[in-house]
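Novice: Structure in structure tokens, see below.
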Amino acid sequence: MTAGQICSATSRLLVQRSVAPQLLQALEQAARGLRVGDPLEEDTQMGAVISEDAMRRIQSEVTRAQADGATLLCGGAAPPDELHSASSDRAALGGGYYVRPTILSDVPLGSAAWKEEIFGPVLCVRTFESEDEGIALANDSPYGLGHAIMSADEARSERVAERLEAGTVWINSNQALWPQTPFGGWKASGFGKEWGEAGMHEYLRHKTITRTRAPGYSWAYFA
């Protein structure tokens, strides 16, 4: 089992309308099949969120998104009898703060769930028709840390990647990061870089010492 935390999460999904029904059905099935429960169990796939406040905030964001017009396909709070554990003591797990993998479809553009990061296991989905529409929707955000493109059309993937406003764009992969390449966001997604040559510059201090002894040079020019 591995455990960790990541600052980059592709929590908004844009799907071409022609394939949306099939993809959403597969996503919902996969989300419902994830084992949520005791993080110390080898075959647990998702543990608890960090606190009761976090759990309540996530639930509140999901409820607000539904009030905005989004459709809840699956997810929400996980009652103790649904939690995964090899032991029979599921009541003990009920003391944790568990949220099931949640999928919201048809999330309105004005909804906070679409515009802001929920910081929970929630995926927000919208559909698009044309390539230009999809790119416009992806770029319509104050943030730009990472985008992922999934397509069998290699030329289209490269074309779209060039137009996406983000520090990192993955093609037919997601969250693949390498120490050799810089990682960091555009727009309001932080500042500076880590990793790669650009990341090394974050650890440097620059100093300029200037001496002016050129013949005929005078500070009077700046008077």
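Residue numbers start at 1 in each chain; chains themselves are named A, B, ... in the order of the structure tokens; ligands are numbered from 1 in the order shown.
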Give me, as JSON lines, the closest atom pair and its distance (Å, one decimal) for every residue of range 9-84 of chain A within a cut-off of 12 Å of range 142-157 of chain A, counting only C-alpha atoms, rows sorted by chain and rising number.
Specialist:
{"residue": "A:Ala9", "atom": "CA", "partner": "A:Gly146", "partner_atom": "CA", "distance": 7.9}
{"residue": "A:Thr10", "atom": "CA", "partner": "A:His147", "partner_atom": "CA", "distance": 6.8}
{"residue": "A:Ser11", "atom": "CA", "partner": "A:His147", "partner_atom": "CA", "distance": 9.9}
{"residue": "A:Arg12", "atom": "CA", "partner": "A:His147", "partner_atom": "CA", "distance": 9.4}
{"residue": "A:Leu13", "atom": "CA", "partner": "A:Ala148", "partner_atom": "CA", "distance": 9.3}
{"residue": "A:Leu14", "atom": "CA", "partner": "A:Ile149", "partner_atom": "CA", "distance": 9.6}
{"residue": "A:Val15", "atom": "CA", "partner": "A:Met150", "partner_atom": "CA", "distance": 9.6}
{"residue": "A:Gln16", "atom": "CA", "partner": "A:Ser151", "partner_atom": "CA", "distance": 10.4}
{"residue": "A:Val19", "atom": "CA", "partner": "A:Ser151", "partner_atom": "CA", "distance": 11.5}
{"residue": "A:Leu23", "atom": "CA", "partner": "A:Met150", "partner_atom": "CA", "distance": 12.0}
Novice: List the spatial neighbours of Ala54 in chain A as a list in words - criterion: any atom at most 10 Å away, only C-alpha atoms, same-chain residues fewer than 4 positions off excluded.
Specialist: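 Contacts, with the query itself left out: Val49, Ile50, Ile58, Gln59, Ser60, Tyr97, Tyr98, Val99, Ile118, Phe119 and Gly120 of chain A.
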Novice: Go ahead and save the picked residues with C-alpha atoms, as a PDB file, in the first residue's frame.
Specialist:
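Everything below was put into out_2.pdb:
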ATOM      1  CA  VAL A  49     -10.301  12.789   4.715  1.00  0.00           C
ATOM      2  CA  ILE A  50      -8.243  14.754   7.210  1.00  0.00           C
ATOM      3  CA  ILE A  58     -16.924  18.547   1.085  1.00  0.00           C
ATOM      4  CA  GLN A  59     -20.500  17.440   1.737  1.00  0.00           C
ATOM      5  CA  SER A  60     -21.610  21.074   1.772  1.00  0.00           C
ATOM      6  CA  TYR A  97     -14.270  10.991   8.362  1.00  0.00           C
ATOM      7  CA  TYR A  98     -15.025   9.123   5.174  1.00  0.00           C
ATOM      8  CA  VAL A  99     -16.370  10.411   1.874  1.00  0.00           C
ATOM      9  CA  ILE A 118     -13.127  21.246  -3.439  1.00  0.00           C
ATOM     10  CA  PHE A 119     -10.090  19.438  -1.960  1.00  0.00           C
ATOM     11  CA  GLY A 120     -11.932  16.171  -1.651  1.00  0.00           C
TER      12      GLY A 120
END
Novice: Pick out each residue of range 38-176 of chain A that DSSP on the backbone tags as strand (DSSP E or B); I need them as a PyMOL selection string.
Specialist: chain A and resi 46+71-77+84+99-105+122-128+143-144+146-149+168-171
Novice: Suppose we keep C-alpha atoms; can you now write the selection as a JSON list (two decimals), in the first residue's frame?
Specialist:
[["chain", "number", "residue", "atom", "x", "y", "z"],
["A", 46, "MET", "CA", -9.07, 5.30, -0.36],
["A", 71, "THR", "CA", -26.41, 15.94, -11.10],
["A", 72, "LEU", "CA", -24.98, 13.61, -8.43],
["A", 73, "LEU", "CA", -24.06, 10.35, -10.16],
["A", 74, "CYS", "CA", -22.52, 8.70, -7.12],
["A", 75, "GLY", "CA", -20.76, 9.39, -3.85],
["A", 76, "GLY", "CA", -21.26, 11.45, -0.73],
["A", 77, "ALA", "CA", -20.72, 10.55, 2.91],
["A", 84, "HIS", "CA", -14.00, -1.52, 3.85],
["A", 99, "VAL", "CA", -16.37, 10.41, 1.87],
["A", 100, "ARG", "CA", -17.10, 8.09, -1.03],
["A", 101, "PRO", "CA", -15.67, 8.90, -4.48],
["A", 102, "THR", "CA", -18.13, 11.44, -5.84],
["A", 103, "ILE", "CA", -19.01, 12.35, -9.44],
["A", 104, "LEU", "CA", -21.03, 15.43, -10.32],
["A", 105, "SER", "CA", -22.15, 15.80, -13.94],
["A", 122, "VAL", "CA", -15.05, 14.89, -6.05],
["A", 123, "LEU", "CA", -14.94, 14.93, -9.86],
["A", 124, "CYS", "CA", -16.89, 17.64, -11.69],
["A", 125, "VAL", "CA", -17.89, 16.88, -15.29],
["A", 126, "ARG", "CA", -19.06, 18.96, -18.24],
["A", 127, "THR", "CA", -19.39, 18.09, -21.91],
["A", 128, "PHE", "CA", -18.29, 19.99, -25.01],
["A", 143, "TYR", "CA", -5.87, 28.60, -12.22],
["A", 144, "GLY", "CA", -3.46, 26.74, -14.46],
["A", 146, "GLY", "CA", -1.98, 20.95, -14.80],
["A", 147, "HIS", "CA", -4.15, 19.64, -17.65],
["A", 148, "ALA", "CA", -4.39, 16.13, -19.06],
["A", 149, "ILE", "CA", -5.51, 15.25, -22.60],
["A", 168, "THR", "CA", 2.10, 21.13, -17.17],
["A", 169, "VAL", "CA", 0.07, 19.31, -19.81],
["A", 170, "TRP", "CA", -0.05, 15.51, -19.89],
["A", 171, "ILE", "CA", -1.01, 13.59, -23.04]]
Novice: Select, from A:Glu131, A:Leu164, A:Lys193, A:Pro79, the residue with the minimum atom-to-atom distance to Ala92 in chain A, counting only C-alpha atoms.
Specialist: A:Pro79
Novice: Name the closest residue to Gly190 in chain A among the candidates A:Ser8, A:Thr212, A:Gln22, A:Asn172; distances are taken between atoms, counting only C-alpha atoms.
Specialist: A:Ser8
Novice: Would you mind listing what lies within 6 Å of Trp186 in chain A as a PyMOL selection string, with only C-alpha atoms counted and same-chain residues fewer than 2 positions away left out?
Specialist: chain A and resi 144+166-167+189
Novice: Go ahead and compute the interatomic distance for CA of Glu52 in chain A and CA of Ser87 in chain A, in Å to one decimal.
Specialist: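 A separation of 23.4 Å between them.
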Novice: Of the candidates A:Glu82, A:Glu202, A:Asp89, A:Glu117, which shows the shortest atom-to-atom distance to Arg32 in chain A, using only C-alpha atoms?
Specialist: A:Glu82
Novice: Per DSSP on the backbone, filter range 89-188 of chain A down to the residues in helix (DSSP H, G or I) and report them as a VMD selection string.
Specialist: chain A and resid 90 to 93 112 to 115 131 to 139 154 to 163
Novice: Okay, now the selection with N, CA and C atoms, as a JSON list (two decimals), in the first residue's frame?
Specialist:
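In the end it all went to again.json:
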[["chain", "number", "residue", "atom", "x", "y", "z"],
["A", 90, "ARG", "N", -16.34, -2.62, 12.31],
["A", 90, "ARG", "CA", -16.57, -1.46, 11.44],
["A", 90, "ARG", "C", -17.04, -0.25, 12.23],
["A", 91, "ALA", "N", -17.52, -0.49, 13.44],
["A", 91, "ALA", "CA", -17.96, 0.65, 14.25],
["A", 91, "ALA", "C", -16.79, 1.57, 14.56],
["A", 92, "ALA", "N", -15.59, 0.98, 14.73],
["A", 92, "ALA", "CA", -14.40, 1.79, 15.00],
["A", 92, "ALA", "C", -14.09, 2.69, 13.81],
["A", 93, "LEU", "N", -14.30, 2.16, 12.60],
["A", 93, "LEU", "CA", -14.05, 2.97, 11.41],
["A", 93, "LEU", "C", -15.05, 4.11, 11.30],
["A", 112, "ALA", "N", -19.60, 27.10, -7.78],
["A", 112, "ALA", "CA", -18.31, 27.12, -7.08],
["A", 112, "ALA", "C", -17.60, 25.78, -7.25],
["A", 113, "ALA", "N", -18.35, 24.71, -7.38],
["A", 113, "ALA", "CA", -17.74, 23.39, -7.55],
["A", 113, "ALA", "C", -16.93, 23.32, -8.84],
["A", 114, "TRP", "N", -17.35, 24.08, -9.85],
["A", 114, "TRP", "CA", -16.62, 24.10, -11.12],
["A", 114, "TRP", "C", -15.47, 25.10, -11.10],
["A", 115, "LYS", "N", -15.67, 26.21, -10.43],
["A", 115, "LYS", "CA", -14.69, 27.29, -10.45],
["A", 115, "LYS", "C", -13.57, 27.11, -9.44],
["A", 131, "GLU", "N", -13.63, 21.16, -30.61],
["A", 131, "GLU", "CA", -12.30, 21.30, -30.01],
["A", 131, "GLU", "C", -12.12, 22.70, -29.43],
["A", 132, "ASP", "N", -12.53, 23.71, -30.15],
["A", 132, "ASP", "CA", -12.38, 25.08, -29.67],
["A", 132, "ASP", "C", -13.18, 25.30, -28.39],
["A", 133, "GLU", "N", -14.37, 24.74, -28.33],
["A", 133, "GLU", "CA", -15.20, 24.89, -27.12],
["A", 133, "GLU", "C", -14.52, 24.22, -25.93],
["A", 134, "GLY", "N", -13.98, 23.04, -26.15],
["A", 134, "GLY", "CA", -13.31, 22.33, -25.06],
["A", 134, "GLY", "C", -12.12, 23.11, -24.53],
["A", 135, "ILE", "N", -11.32, 23.68, -25.42],
["A", 135, "ILE", "CA", -10.15, 24.46, -25.01],
["A", 135, "ILE", "C", -10.58, 25.71, -24.25],
["A", 136, "ALA", "N", -11.62, 26.38, -24.75],
["A", 136, "ALA", "CA", -12.11, 27.59, -24.08],
["A", 136, "ALA", "C", -12.60, 27.27, -22.67],
["A", 137, "LEU", "N", -13.31, 26.16, -22.51],
["A", 137, "LEU", "CA", -13.79, 25.76, -21.19],
["A", 137, "LEU", "C", -12.64, 25.43, -20.25],
["A", 138, "ALA", "N", -11.63, 24.75, -20.77],
["A", 138, "ALA", "CA", -10.48, 24.37, -19.95],
["A", 138, "ALA", "C", -9.72, 25.61, -19.49],
["A", 139, "ASN", "N", -9.57, 26.59, -20.37],
["A", 139, "ASN", "CA", -8.81, 27.79, -20.04],
["A", 139, "ASN", "C", -9.60, 28.82, -19.25],
["A", 154, "GLU", "N", -3.33, 11.75, -32.19],
["A", 154, "GLU", "CA", -2.06, 12.31, -31.73],
["A", 154, "GLU", "C", -1.89, 13.77, -32.16],
["A", 155, "ALA", "N", -2.25, 14.06, -33.39],
["A", 155, "ALA", "CA", -2.11, 15.43, -33.89],
["A", 155, "ALA", "C", -3.00, 16.40, -33.11],
["A", 156, "ARG", "N", -4.22, 15.96, -32.82],
["A", 156, "ARG", "CA", -5.12, 16.81, -32.04],
["A", 156, "ARG", "C", -4.57, 17.02, -30.63],
["A", 157, "SER", "N", -4.04, 15.98, -30.03],
["A", 157, "SER", "CA", -3.49, 16.09, -28.67],
["A", 157, "SER", "C", -2.40, 17.15, -28.62],
["A", 158, "GLU", "N", -1.49, 17.11, -29.59],
["A", 158, "GLU", "CA", -0.39, 18.08, -29.63],
["A", 158, "GLU", "C", -0.93, 19.49, -29.86],
["A", 159, "ARG", "N", -1.91, 19.59, -30.72],
["A", 159, "ARG", "CA", -2.49, 20.90, -31.05],
["A", 159, "ARG", "C", -3.18, 21.52, -29.83],
["A", 160, "VAL", "N", -3.94, 20.70, -29.13],
["A", 160, "VAL", "CA", -4.65, 21.19, -27.95],
["A", 160, "VAL", "C", -3.67, 21.52, -26.83],
["A", 161, "ALA", "N", -2.65, 20.69, -26.66],
["A", 161, "ALA", "CA", -1.66, 20.91, -25.60],
["A", 161, "ALA", "C", -1.00, 22.28, -25.74],
["A", 162, "GLU", "N", -0.74, 22.69, -26.99],
["A", 162, "GLU", "CA", -0.11, 23.98, -27.24],
["A", 162, "GLU", "C", -1.00, 25.14, -26.79],
["A", 163, "ARG", "N", -2.31, 24.94, -26.80],
["A", 163, "ARG", "CA", -3.24, 26.03, -26.52],
["A", 163, "ARG", "C", -3.73, 26.06, -25.07]]
Novice: Restricting the calculation to only C-alpha atoms: of A:Leu24, A:Asp43, A:Glu129, A:Cys7, which residue gets closest to Gly185 in chain A?
Specialist: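 Checking each of A:Leu24, A:Asp43, A:Glu129, A:Cys7 against Gly185 in chain A, counting only C-alpha atoms, the winner is A:Cys7.
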